[in-house]
$ cat run23.pdb   # PDB, C-alpha atoms, pLDDT in the B column
ATOM      1  CA  MET A 159      29.525   2.212 -10.954  1.00 62.00           C
ATOM      2  CA  ARG A 160      30.045   3.994  -7.631  1.00 66.00           C
ATOM      3  CA  ALA A 161      27.487   6.666  -8.544  1.00 68.00           C
ATOM      4  CA  GLN A 162      24.891   3.996  -9.339  1.00 69.00           C
ATOM      5  CA  GLN A 163      25.546   2.223  -6.060  1.00 67.00           C
ATOM      6  CA  LEU A 164      25.078   5.488  -4.174  1.00 70.00           C
ATOM      7  CA  LYS A 165      21.631   5.751  -5.758  1.00 72.00           C
ATOM      8  CA  GLY A 166      20.714   2.386  -4.270  1.00 75.00           C
ATOM      9  CA  TRP A 167      21.254   0.207  -7.324  1.00 78.00           C
ATOM     10  CA  GLU A 168      22.624  -3.301  -7.081  1.00 81.00           C
ATOM     11  CA  VAL A 169      25.474  -3.100  -9.600  1.00 82.00           C
ATOM     12  CA  HIS A 170      27.433  -5.927 -11.216  1.00 84.00           C
ATOM     13  CA  SER A 171      30.121  -5.105 -13.770  1.00 82.00           C
ATOM     14  CA  VAL A 172      32.978  -6.536 -15.808  1.00 79.00           C
ATOM     15  CA  ASP A 173      35.996  -4.486 -16.859  1.00 71.00           C
ATOM     16  CA  PRO A 174      39.328  -6.203 -17.610  1.00 59.00           C
ATOM     17  CA  TYR A 175      41.114  -2.902 -16.898  1.00 56.00           C
ATOM     18  CA  SER A 176      39.590  -2.464 -13.445  1.00 59.00           C
ATOM     19  CA  SER A 177      40.488  -4.754 -10.542  1.00 56.00           C
ATOM     20  CA  VAL A 178      37.294  -3.698  -8.760  1.00 56.00           C
ATOM     21  CA  ALA A 179      34.788  -4.034 -11.580  1.00 54.00           C
ATOM     22  CA  SER A 180      36.200  -7.287 -12.912  1.00 55.00           C
ATOM     23  CA  HIS A 181      35.371  -9.057  -9.652  1.00 56.00           C
ATOM     24  CA  THR A 182      31.805  -7.834  -9.164  1.00 66.00           C
ATOM     25  CA  ALA A 183      30.110  -9.890 -11.883  1.00 70.00           C
ATOM     26  CA  ARG A 184      29.865 -13.676 -12.012  1.00 79.00           C
ATOM     27  CA  VAL A 185      30.963 -14.356 -15.586  1.00 78.00           C
ATOM     28  CA  THR A 186      32.712 -17.334 -17.175  1.00 78.00           C
ATOM     29  CA  THR A 187      34.246 -17.131 -20.650  1.00 78.00           C
ATOM     30  CA  ASN A 188      34.925 -20.518 -22.228  1.00 79.00           C
ATOM     31  CA  LYS A 189      37.604 -21.411 -24.760  1.00 77.00           C
ATOM     32  CA  ASP A 190      34.980 -21.739 -27.494  1.00 81.00           C
ATOM     33  CA  GLY A 191      34.012 -18.092 -26.993  1.00 79.00           C
ATOM     34  CA  THR A 192      30.746 -18.730 -25.179  1.00 86.00           C
ATOM     35  CA  VAL A 193      29.948 -16.592 -22.153  1.00 87.00           C
ATOM     36  CA  LEU A 194      28.034 -17.925 -19.149  1.00 89.00           C
ATOM     37  CA  LEU A 195      26.440 -15.673 -16.539  1.00 89.00           C
ATOM     38  CA  ASP A 196      26.051 -17.205 -13.097  1.00 90.00           C
ATOM     39  CA  TYR A 197      22.701 -15.576 -12.383  1.00 93.00           C
ATOM     40  CA  PRO A 198      19.141 -16.899 -12.325  1.00 94.00           C
ATOM     41  CA  ASP A 199      16.707 -16.138 -15.121  1.00 96.00           C
ATOM     42  CA  ALA A 200      15.179 -12.632 -15.174  1.00 96.00           C
ATOM     43  CA  TYR A 201      17.624 -11.310 -12.552  1.00 95.00           C
ATOM     44  CA  PHE A 202      18.482  -7.874 -13.977  1.00 95.00           C
ATOM     45  CA  ASP A 203      16.330  -4.811 -14.675  1.00 95.00           C
ATOM     46  CA  ALA A 204      18.892  -3.316 -17.054  1.00 96.00           C
ATOM     47  CA  ILE A 205      22.138  -4.389 -18.733  1.00 95.00           C
ATOM     48  CA  SER A 206      24.602  -2.277 -20.715  1.00 95.00           C
ATOM     49  CA  LEU A 207      27.430  -3.236 -23.072  1.00 95.00           C
ATOM     50  CA  TRP A 208      29.663  -0.297 -23.977  1.00 94.00           C
ATOM     51  CA  TYR A 209      31.789  -1.274 -26.999  1.00 95.00           C
ATOM     52  CA  VAL A 210      31.982  -4.908 -25.916  1.00 93.00           C
ATOM     53  CA  LEU A 211      29.988  -6.978 -28.407  1.00 95.00           C
ATOM     54  CA  GLU A 212      32.441  -6.455 -31.282  1.00 96.00           C
ATOM     55  CA  HIS A 213      35.207  -8.085 -29.211  1.00 93.00           C
ATOM     56  CA  LEU A 214      33.310 -11.291 -28.412  1.00 92.00           C
ATOM     57  CA  ALA A 215      33.732 -14.492 -30.405  1.00 91.00           C
ATOM     58  CA  ASN A 216      30.064 -15.517 -30.273  1.00 93.00           C
ATOM     59  CA  PRO A 217      27.823 -12.427 -30.087  1.00 94.00           C
ATOM     60  CA  GLN A 218      24.624 -14.361 -30.758  1.00 95.00           C
ATOM     61  CA  GLN A 219      25.227 -16.690 -27.811  1.00 95.00           C
ATOM     62  CA  VAL A 220      26.034 -13.673 -25.636  1.00 94.00           C
ATOM     63  CA  LEU A 221      22.772 -11.962 -26.594  1.00 96.00           C
ATOM     64  CA  ARG A 222      20.878 -15.145 -25.785  1.00 96.00           C
ATOM     65  CA  GLU A 223      22.515 -15.321 -22.353  1.00 95.00           C
ATOM     66  CA  LEU A 224      21.893 -11.629 -21.674  1.00 96.00           C
ATOM     67  CA  SER A 225      18.248 -12.029 -22.618  1.00 97.00           C
ATOM     68  CA  ARG A 226      17.973 -14.969 -20.239  1.00 96.00           C
ATOM     69  CA  VAL A 227      19.111 -12.965 -17.203  1.00 96.00           C
ATOM     70  CA  LEU A 228      17.106  -9.850 -18.164  1.00 97.00           C
ATOM     71  CA  ARG A 229      13.615  -9.603 -16.737  1.00 97.00           C
ATOM     72  CA  PRO A 230      10.647  -9.204 -19.113  1.00 97.00           C
ATOM     73  CA  GLY A 231      10.261  -5.486 -19.741  1.00 97.00           C
ATOM     74  CA  GLY A 232      13.909  -4.863 -18.826  1.00 97.00           C
ATOM     75  CA  TYR A 233      16.323  -2.909 -21.003  1.00 98.00           C
ATOM     76  CA  LEU A 234      19.548  -3.851 -22.757  1.00 98.00           C
ATOM     77  CA  LEU A 235      21.781  -1.000 -23.985  1.00 98.00           C
ATOM     78  CA  ILE A 236      24.401  -1.826 -26.613  1.00 98.00           C
ATOM     79  CA  ALA A 237      26.974   0.633 -27.975  1.00 98.00           C
ATOM     80  CA  VAL A 238      28.966  -0.456 -31.043  1.00 98.00           C
ATOM     81  CA  GLN A 239      30.658   0.974 -34.126  1.00 97.00           C
ATOM     82  CA  ASP A 240      28.327   1.582 -37.098  1.00 98.00           C
ATOM     83  CA  PHE A 241      29.697  -0.365 -40.055  1.00 97.00           C
ATOM     84  CA  SER A 242      26.917   1.005 -42.273  1.00 97.00           C
ATOM     85  CA  SER A 243      27.854   4.651 -41.638  1.00 97.00           C
ATOM     86  CA  ILE A 244      29.073   7.001 -44.352  1.00 98.00           C
ATOM     87  CA  GLN A 245      32.322   7.298 -42.421  1.00 98.00           C
ATOM     88  CA  ALA A 246      32.950   3.536 -42.441  1.00 97.00           C
ATOM     89  CA  ARG A 247      32.250   3.267 -46.164  1.00 97.00           C
ATOM     90  CA  PHE A 248      34.298   6.337 -47.092  1.00 98.00           C
ATOM     91  CA  PHE A 249      37.408   5.583 -45.044  1.00 97.00           C
ATOM     92  CA  GLY A 250      37.322   1.813 -45.560  1.00 96.00           C
ATOM     93  CA  PRO A 251      40.474   0.132 -44.182  1.00 96.00           C
ATOM     94  CA  ARG A 252      41.713   3.520 -42.908  1.00 96.00           C
ATOM     95  CA  TRP A 253      38.730   3.970 -40.587  1.00 97.00           C
ATOM     96  CA  LEU A 254      40.191   4.348 -37.088  1.00 97.00           C
ATOM     97  CA  ILE A 255      37.651   2.164 -35.313  1.00 96.00           C
ATOM     98  CA  LEU A 256      37.735  -0.694 -37.799  1.00 95.00           C
ATOM     99  CA  ASP A 257      40.537  -1.881 -35.499  1.00 93.00           C
ATOM    100  CA  PRO A 258      41.331  -5.453 -36.565  1.00 91.00           C
ATOM    101  CA  PRO A 259      42.109  -7.916 -35.073  1.00 92.00           C
ATOM    102  CA  ARG A 260      40.667  -6.613 -31.787  1.00 92.00           C
ATOM    103  CA  HIS A 261      37.259  -6.067 -33.360  1.00 95.00           C
ATOM    104  CA  LEU A 262      36.046  -9.486 -34.441  1.00 95.00           C
ATOM    105  CA  TRP A 263      32.680  -8.249 -35.704  1.00 95.00           C
ATOM    106  CA  HIS A 264      31.059  -5.067 -36.929  1.00 96.00           C
ATOM    107  CA  PHE A 265      27.383  -4.201 -36.845  1.00 97.00           C
ATOM    108  CA  SER A 266      24.798  -1.956 -38.402  1.00 97.00           C
ATOM    109  CA  PRO A 267      21.550  -1.028 -36.664  1.00 98.00           C
ATOM    110  CA  ALA A 268      19.691  -3.377 -39.017  1.00 97.00           C
ATOM    111  CA  ASN A 269      21.729  -6.517 -38.403  1.00 96.00           C
ATOM    112  CA  LEU A 270      22.014  -5.878 -34.660  1.00 98.00           C
ATOM    113  CA  ASP A 271      18.224  -5.512 -34.544  1.00 98.00           C
ATOM    114  CA  MET A 272      17.926  -8.831 -36.372  1.00 97.00           C
ATOM    115  CA  LEU A 273      20.156 -10.617 -33.856  1.00 96.00           C
ATOM    116  CA  ALA A 274      18.412  -9.028 -30.880  1.00 97.00           C
ATOM    117  CA  LYS A 275      14.939  -9.887 -32.181  1.00 97.00           C
ATOM    118  CA  ARG A 276      15.836 -13.584 -32.195  1.00 96.00           C
ATOM    119  CA  HIS A 277      16.118 -13.386 -28.418  1.00 96.00           C
ATOM    120  CA  GLY A 278      12.980 -11.399 -27.688  1.00 96.00           C
ATOM    121  CA  LEU A 279      14.673  -7.983 -27.696  1.00 97.00           C
ATOM    122  CA  ARG A 280      13.119  -5.107 -29.626  1.00 97.00           C
ATOM    123  CA  ARG A 281      14.714  -1.721 -30.187  1.00 98.00           C
ATOM    124  CA  THR A 282      12.854   1.204 -28.640  1.00 98.00           C
ATOM    125  CA  ALA A 283      15.387   3.992 -29.240  1.00 98.00           C
ATOM    126  CA  MET A 284      18.782   4.717 -30.754  1.00 98.00           C
ATOM    127  CA  SER A 285      21.402   7.441 -30.430  1.00 96.00           C
ATOM    128  CA  ARG A 286      24.243   8.151 -32.867  1.00 96.00           C
ATOM    129  CA  ALA A 287      25.785  11.056 -30.957  1.00 93.00           C
ATOM    130  CA  CYS A 288      29.217  10.537 -29.404  1.00 94.00           C
ATOM    131  CA  VAL A 289      31.105  13.827 -29.308  1.00 94.00           C
ATOM    132  CA  GLU A 290      34.091  12.386 -27.447  1.00 91.00           C
ATOM    133  CA  MET A 291      34.681   9.833 -30.229  1.00 93.00           C
ATOM    134  CA  GLY A 292      33.101  10.989 -33.499  1.00 96.00           C
ATOM    135  CA  PRO A 293      35.158  14.077 -34.449  1.00 97.00           C
ATOM    136  CA  PHE A 294      38.446  12.424 -33.499  1.00 97.00           C
ATOM    137  CA  THR A 295      37.584   9.297 -35.499  1.00 98.00           C
ATOM    138  CA  ILE A 296      37.081  11.459 -38.587  1.00 98.00           C
ATOM    139  CA  LEU A 297      40.315  13.344 -37.881  1.00 98.00           C
ATOM    140  CA  GLN A 298      42.484  10.254 -37.400  1.00 97.00           C
ATOM    141  CA  SER A 299      40.912   8.442 -40.349  1.00 98.00           C
ATOM    142  CA  THR A 300      41.663  11.447 -42.564  1.00 98.00           C
ATOM    143  CA  LEU A 301      45.250  11.510 -41.286  1.00 97.00           C
ATOM    144  CA  ASN A 302      45.499   7.815 -42.143  1.00 97.00           C
ATOM    145  CA  ILE A 303      44.651   8.646 -45.755  1.00 96.00           C
ATOM    146  CA  LEU A 304      47.282  11.384 -45.870  1.00 96.00           C
ATOM    147  CA  LEU A 305      50.064   9.772 -43.830  1.00 94.00           C
ATOM    148  CA  GLY A 306      49.503   6.032 -44.130  1.00 88.00           C
ATOM    149  CA  ASN A 307      47.265   3.773 -42.107  1.00 80.00           C
ATOM    150  CA  ARG A 308      49.241   3.976 -38.859  1.00 87.00           C
ATOM    151  CA  ASN A 309      47.016   5.870 -36.398  1.00 92.00           C
ATOM    152  CA  HIS A 310      50.006   7.993 -35.351  1.00 91.00           C
ATOM    153  CA  LEU A 311      48.068  10.617 -33.404  1.00 93.00           C
ATOM    154  CA  PHE A 312      45.774   8.124 -31.681  1.00 93.00           C
ATOM    155  CA  ARG A 313      48.669   5.956 -30.524  1.00 89.00           C
ATOM    156  CA  PHE A 314      50.617   8.981 -29.302  1.00 88.00           C
ATOM    157  CA  LEU A 315      47.700  10.339 -27.270  1.00 89.00           C
ATOM    158  CA  LYS A 316      47.006   6.905 -25.837  1.00 85.00           C
ATOM    159  CA  ASN A 317      50.644   6.280 -24.905  1.00 77.00           C
ATOM    160  CA  PRO A 318      52.907   9.353 -25.364  1.00 63.00           C
ATOM    161  CA  ARG A 319      56.204   7.491 -25.557  1.00 58.00           C
ATOM    162  CA  LEU A 320      57.926  10.387 -27.356  1.00 55.00           C
ATOM    163  CA  SER A 321      58.728  11.977 -24.027  1.00 51.00           C
ATOM    164  CA  ARG A 322      60.585   8.796 -23.036  1.00 58.00           C
ATOM    165  CA  GLY A 323      62.452   8.424 -26.320  1.00 58.00           C
ATOM    166  CA  ARG A 324      61.026   5.015 -27.243  1.00 65.00           C
ATOM    167  CA  VAL A 325      59.836   5.611 -30.795  1.00 67.00           C
ATOM    168  CA  SER A 326      61.428   5.368 -34.211  1.00 77.00           C
ATOM    169  CA  TRP A 327      62.148   8.407 -36.357  1.00 73.00           C
ATOM    170  CA  THR A 328      59.334   7.289 -38.671  1.00 78.00           C
ATOM    171  CA  GLU A 329      56.871   7.226 -35.788  1.00 81.00           C
ATOM    172  CA  ALA A 330      58.093  10.566 -34.464  1.00 85.00           C
ATOM    173  CA  GLY A 331      57.737  12.120 -37.907  1.00 90.00           C
ATOM    174  CA  GLY A 332      54.232  10.716 -38.252  1.00 91.00           C
ATOM    175  CA  VAL A 333      53.213  12.172 -34.903  1.00 90.00           C
ATOM    176  CA  ALA A 334      54.715  15.567 -35.720  1.00 93.00           C
ATOM    177  CA  ALA A 335      52.977  15.672 -39.106  1.00 95.00           C
ATOM    178  CA  SER A 336      49.696  14.577 -37.507  1.00 96.00           C
ATOM    179  CA  ILE A 337      49.857  17.351 -34.923  1.00 95.00           C
ATOM    180  CA  ALA A 338      50.657  19.955 -37.569  1.00 96.00           C
ATOM    181  CA  LEU A 339      47.849  18.832 -39.883  1.00 97.00           C
ATOM    182  CA  SER A 340      45.402  18.656 -36.976  1.00 97.00           C
ATOM    183  CA  THR A 341      45.518  22.420 -36.564  1.00 97.00           C
ATOM    184  CA  VAL A 342      43.609  22.625 -39.851  1.00 97.00           C
ATOM    185  CA  LEU A 343      41.867  19.249 -40.024  1.00 98.00           C
ATOM    186  CA  GLY A 344      40.677  19.286 -36.402  1.00 97.00           C
ATOM    187  CA  PRO A 345      38.070  22.049 -36.821  1.00 98.00           C
ATOM    188  CA  LEU A 346      37.040  20.630 -40.209  1.00 98.00           C
ATOM    189  CA  SER A 347      36.555  17.178 -38.670  1.00 98.00           C
ATOM    190  CA  PHE A 348      34.356  18.682 -35.974  1.00 97.00           C
ATOM    191  CA  LEU A 349      32.195  20.402 -38.586  1.00 98.00           C
ATOM    192  CA  ALA A 350      32.052  17.226 -40.679  1.00 98.00           C
ATOM    193  CA  TYR A 351      30.941  15.235 -37.637  1.00 98.00           C
ATOM    194  CA  TRP A 352      27.974  17.507 -36.970  1.00 98.00           C
ATOM    195  CA  GLY A 353      27.057  17.621 -40.645  1.00 98.00           C
ATOM    196  CA  LEU A 354      27.068  13.831 -40.940  1.00 97.00           C
ATOM    197  CA  LEU A 355      25.164  13.474 -37.678  1.00 97.00           C
ATOM    198  CA  ALA A 356      22.502  15.836 -39.031  1.00 97.00           C
ATOM    199  CA  ILE A 357      21.830  13.435 -41.920  1.00 97.00           C
ATOM    200  CA  GLY A 358      21.794  10.383 -39.645  1.00 95.00           C
ATOM    201  CA  SER A 359      25.339   9.064 -39.937  1.00 97.00           C
ATOM    202  CA  GLY A 360      27.551   8.466 -36.914  1.00 95.00           C
ATOM    203  CA  ASP A 361      30.670   6.367 -36.428  1.00 96.00           C
ATOM    204  CA  VAL A 362      28.979   4.641 -33.502  1.00 97.00           C
ATOM    205  CA  PHE A 363      25.467   4.081 -32.230  1.00 98.00           C
ATOM    206  CA  THR A 364      23.816   3.113 -28.967  1.00 98.00           C
ATOM    207  CA  ALA A 365      20.739   0.916 -29.305  1.00 98.00           C
ATOM    208  CA  TYR A 366      18.166   0.558 -26.521  1.00 98.00           C
ATOM    209  CA  TYR A 367      16.368  -2.791 -26.496  1.00 98.00           C
ATOM    210  CA  ARG A 368      13.415  -3.861 -24.398  1.00 98.00           C
ATOM    211  CA  LYS A 369      12.789  -7.508 -23.616  1.00 97.00           C
ATOM    212  CA  ASP A 370       9.354  -8.690 -24.618  1.00 90.00           C
ATOM    213  CA  ALA A 371       6.950  -9.130 -21.720  1.00 84.00           C
ATOM    214  CA  GLN A 372       5.940 -12.727 -21.155  1.00 68.00           C
TER     215      GLN A 372
END
$ encode --input "run23.pdb" --output "structure tokens"
Amino acid sequence: MRAQQLKGWEVHSVDPYSSVASHTARVTTNKDGTVLLDYPDAYFDAISLWYVLEHLANPQQVLRELSRVLRPGGYLLIAVQDFSSIQARFFGPRWLILDPPRHLWHFSPANLDMLAKRHGLRRTAMSRACVEMGPFTILQSTLNILLGNRNHLFRFLKNPRLSRGRVSWTEAGGVAASIALSTVLGPLSFLAYWGLLAIGSGDVFTAYYRKDAQ
């Protein structure tokens, strides 16, 4: 956000984990899940949603509202998990980024394209590469198969409570086993990620949509 502002962009953002970003955009979320943007029509040149749409109760209404405030010819970037990927189908309920109940929806490129098209948005490009997420998703999902669907390693890295003695023996054992297995499975997961990416399968994808000119 700061880097974009330094380049002369007018930036508006929403981030519930950032006290700065959460106050820069004029957004209202209603109890029924609808989202209202307090901006005039065709206000923005570009809008991005990084792993947001799957958390929203009414994604179709959100896309309609985003299209309203996007100028004709403007771009909407959406990053989401790919529910049609080989990884999602293979790991099933043990897939790390399935993540219920926080993820209310899951998308494939085809059904996201269908929703976007209803609001005058057409995909111009797509990327499946995400090195910071893909290999680890394969690793943790594999560990879930071997050790139970508990995301031990992910939870430990996100919040290493072991150092403060706040975990059960079961949790501690799961973390220890995950770390030990990762010495072997980590490199294999990295290789698997690149192999799957080479045949067009990624855990996530970023779709670039352009609003139809009027």
$ resolve_selection --input "run23.pdb" --expression "the PyMOL selection byres ((chain A and resi 188) around 12)" --output "ChimeraX atom specification"
/A:185-187,189-195,214-216,219-220
$ atom_distance --input "run23.pdb" --atom1 "atom CA of A:Arg368" --atom2 "atom CA of A:Thr282"
6.6 Å
$ atom_distance --input "run23.pdb" --atom1 "atom CA of A:Ile303" --atom2 "atom CA of A:Leu211"
27.6 Å
$ atom_distance --input "run23.pdb" --atom1 "atom CA of A:Ala204" --atom2 "atom CA of A:Gly292"
26.0 Å
$ residues_around --input "run23.pdb" --residues "A:Leu315" --least-positions-apart "6" --cutoff "12 Å" --atoms "only C-alpha atoms" --output "tab-separated table (two decimals) with C-alpha atoms, in the frame of the given file"
chain	number	residue	atom	x	y	z
A	294	PHE	CA	38.45	12.42	-33.50
A	298	GLN	CA	42.48	10.25	-37.40
A	309	ASN	CA	47.02	5.87	-36.40
A	321	SER	CA	58.73	11.98	-24.03
A	333	VAL	CA	53.21	12.17	-34.90
A	336	SER	CA	49.70	14.58	-37.51
A	337	ILE	CA	49.86	17.35	-34.92
$ resolve_selection --input "run23.pdb" --expression "the PyMOL selection byres ((chain A and resi 279) around 9)" --output "number ranges by chain"
A: 225, 233-234, 271, 273-278, 280-281, 367-370
$ closest_atom_pairs --input "run23.pdb" --of "stretch 201-306 of chain A" --to "stretch 352-360 of chain A" --cutoff "10 Å" --atoms "only C-alpha atoms" --output "Markdown table"
| residue | atom | partner | partner_atom | distance |
| --- | --- | --- | --- | --- |
| A:Gln239 | CA | A:Gly360 | CA | 8.6 |
| A:Asp240 | CA | A:Gly360 | CA | 6.9 |
| A:Phe241 | CA | A:Gly360 | CA | 9.6 |
| A:Ser242 | CA | A:Ser359 | CA | 8.5 |
| A:Ser243 | CA | A:Ser359 | CA | 5.4 |
| A:Ile244 | CA | A:Ser359 | CA | 6.1 |
| A:Gln245 | CA | A:Gly360 | CA | 7.4 |
| A:Ala246 | CA | A:Gly360 | CA | 9.2 |
| A:Ser285 | CA | A:Gly360 | CA | 9.0 |
| A:Arg286 | CA | A:Gly360 | CA | 5.2 |
| A:Ala287 | CA | A:Gly360 | CA | 6.7 |
| A:Cys288 | CA | A:Gly360 | CA | 8.0 |
| A:Val289 | CA | A:Trp352 | CA | 9.1 |
| A:Met291 | CA | A:Gly360 | CA | 9.9 |
| A:Gly292 | CA | A:Gly360 | CA | 7.0 |
| A:Pro293 | CA | A:Trp352 | CA | 8.4 |
$ closest_residue --input "run23.pdb" --among "A:Ile296, A:Ala371, A:Met272, A:Ala338" --to "A:Ala350" --atoms "all atoms listed in the file"
A:Ile296
$ resolve_selection --input "run23.pdb" --expression "the PyMOL selection byres ((chain A and resi 254) around 6)" --output "list in words"
Trp253, Ile255, Leu256, Thr295 and Ser299 of chain A
$ closest_residue --input "run23.pdb" --among "A:Asn307, A:Ser340, A:Thr364, A:Ser347" --to "A:Val238" --atoms "all atoms listed in the file"
A:Thr364
$ residues_near_point --input "run23.pdb" --point "(23.0, -1.2, -31.4)" --cutoff "7 Å" --atoms "all atoms listed in the file" --output "MDAnalysis selection string"
chainID A and resid 236:238 267 270 363:365
$ closest_residue --input "run23.pdb" --among "A:Phe265, A:Trp167, A:Tyr201, A:Phe248" --to "A:Val362" --atoms "only C-alpha atoms"
A:Phe265
$ build_atoms --input "run23.pdb" --residues "stretch 281-295 of chain A" --atoms "N, CA and C atoms" --output "CSV table (one decimal), in the coordinates of the input"
chain,number,residue,atom,x,y,z
A,281,ARG,N,14.1,-3.1,-30.4
A,281,ARG,CA,14.7,-1.7,-30.2
A,281,ARG,C,13.6,-0.7,-30.0
A,282,THR,N,13.8,0.1,-28.9
A,282,THR,CA,12.9,1.2,-28.6
A,282,THR,C,13.4,2.6,-28.9
A,283,ALA,N,14.8,2.7,-29.0
A,283,ALA,CA,15.4,4.0,-29.2
A,283,ALA,C,16.8,3.8,-29.7
A,284,MET,N,17.4,4.8,-30.3
A,284,MET,CA,18.8,4.7,-30.8
A,284,MET,C,19.4,6.1,-30.8
A,285,SER,N,20.6,6.2,-30.4
A,285,SER,CA,21.4,7.4,-30.4
A,285,SER,C,22.7,7.2,-31.2
A,286,ARG,N,23.0,8.2,-32.1
A,286,ARG,CA,24.2,8.2,-32.9
A,286,ARG,C,25.3,9.2,-32.4
A,287,ALA,N,24.9,10.0,-31.4
A,287,ALA,CA,25.8,11.1,-31.0
A,287,ALA,C,26.9,10.5,-30.0
A,288,CYS,N,28.1,10.9,-30.3
A,288,CYS,CA,29.2,10.5,-29.4
A,288,CYS,C,30.3,11.6,-29.7
A,289,VAL,N,30.2,12.7,-29.0
A,289,VAL,CA,31.1,13.8,-29.3
A,289,VAL,C,32.5,13.5,-28.9
A,290,GLU,N,32.7,12.7,-27.9
A,290,GLU,CA,34.1,12.4,-27.4
A,290,GLU,C,34.8,11.5,-28.4
A,291,MET,N,34.1,10.8,-29.3
A,291,MET,CA,34.7,9.8,-30.2
A,291,MET,C,34.5,10.2,-31.7
A,292,GLY,N,33.4,10.8,-32.1
A,292,GLY,CA,33.1,11.0,-33.5
A,292,GLY,C,34.1,11.9,-34.2
A,293,PRO,N,34.3,13.2,-33.7
A,293,PRO,CA,35.2,14.1,-34.4
A,293,PRO,C,36.6,13.6,-34.5
A,294,PHE,N,37.1,12.9,-33.5
A,294,PHE,CA,38.4,12.4,-33.5
A,294,PHE,C,38.6,11.2,-34.5
A,295,THR,N,37.5,10.4,-34.5
A,295,THR,CA,37.6,9.3,-35.5
A,295,THR,C,37.7,9.8,-36.9
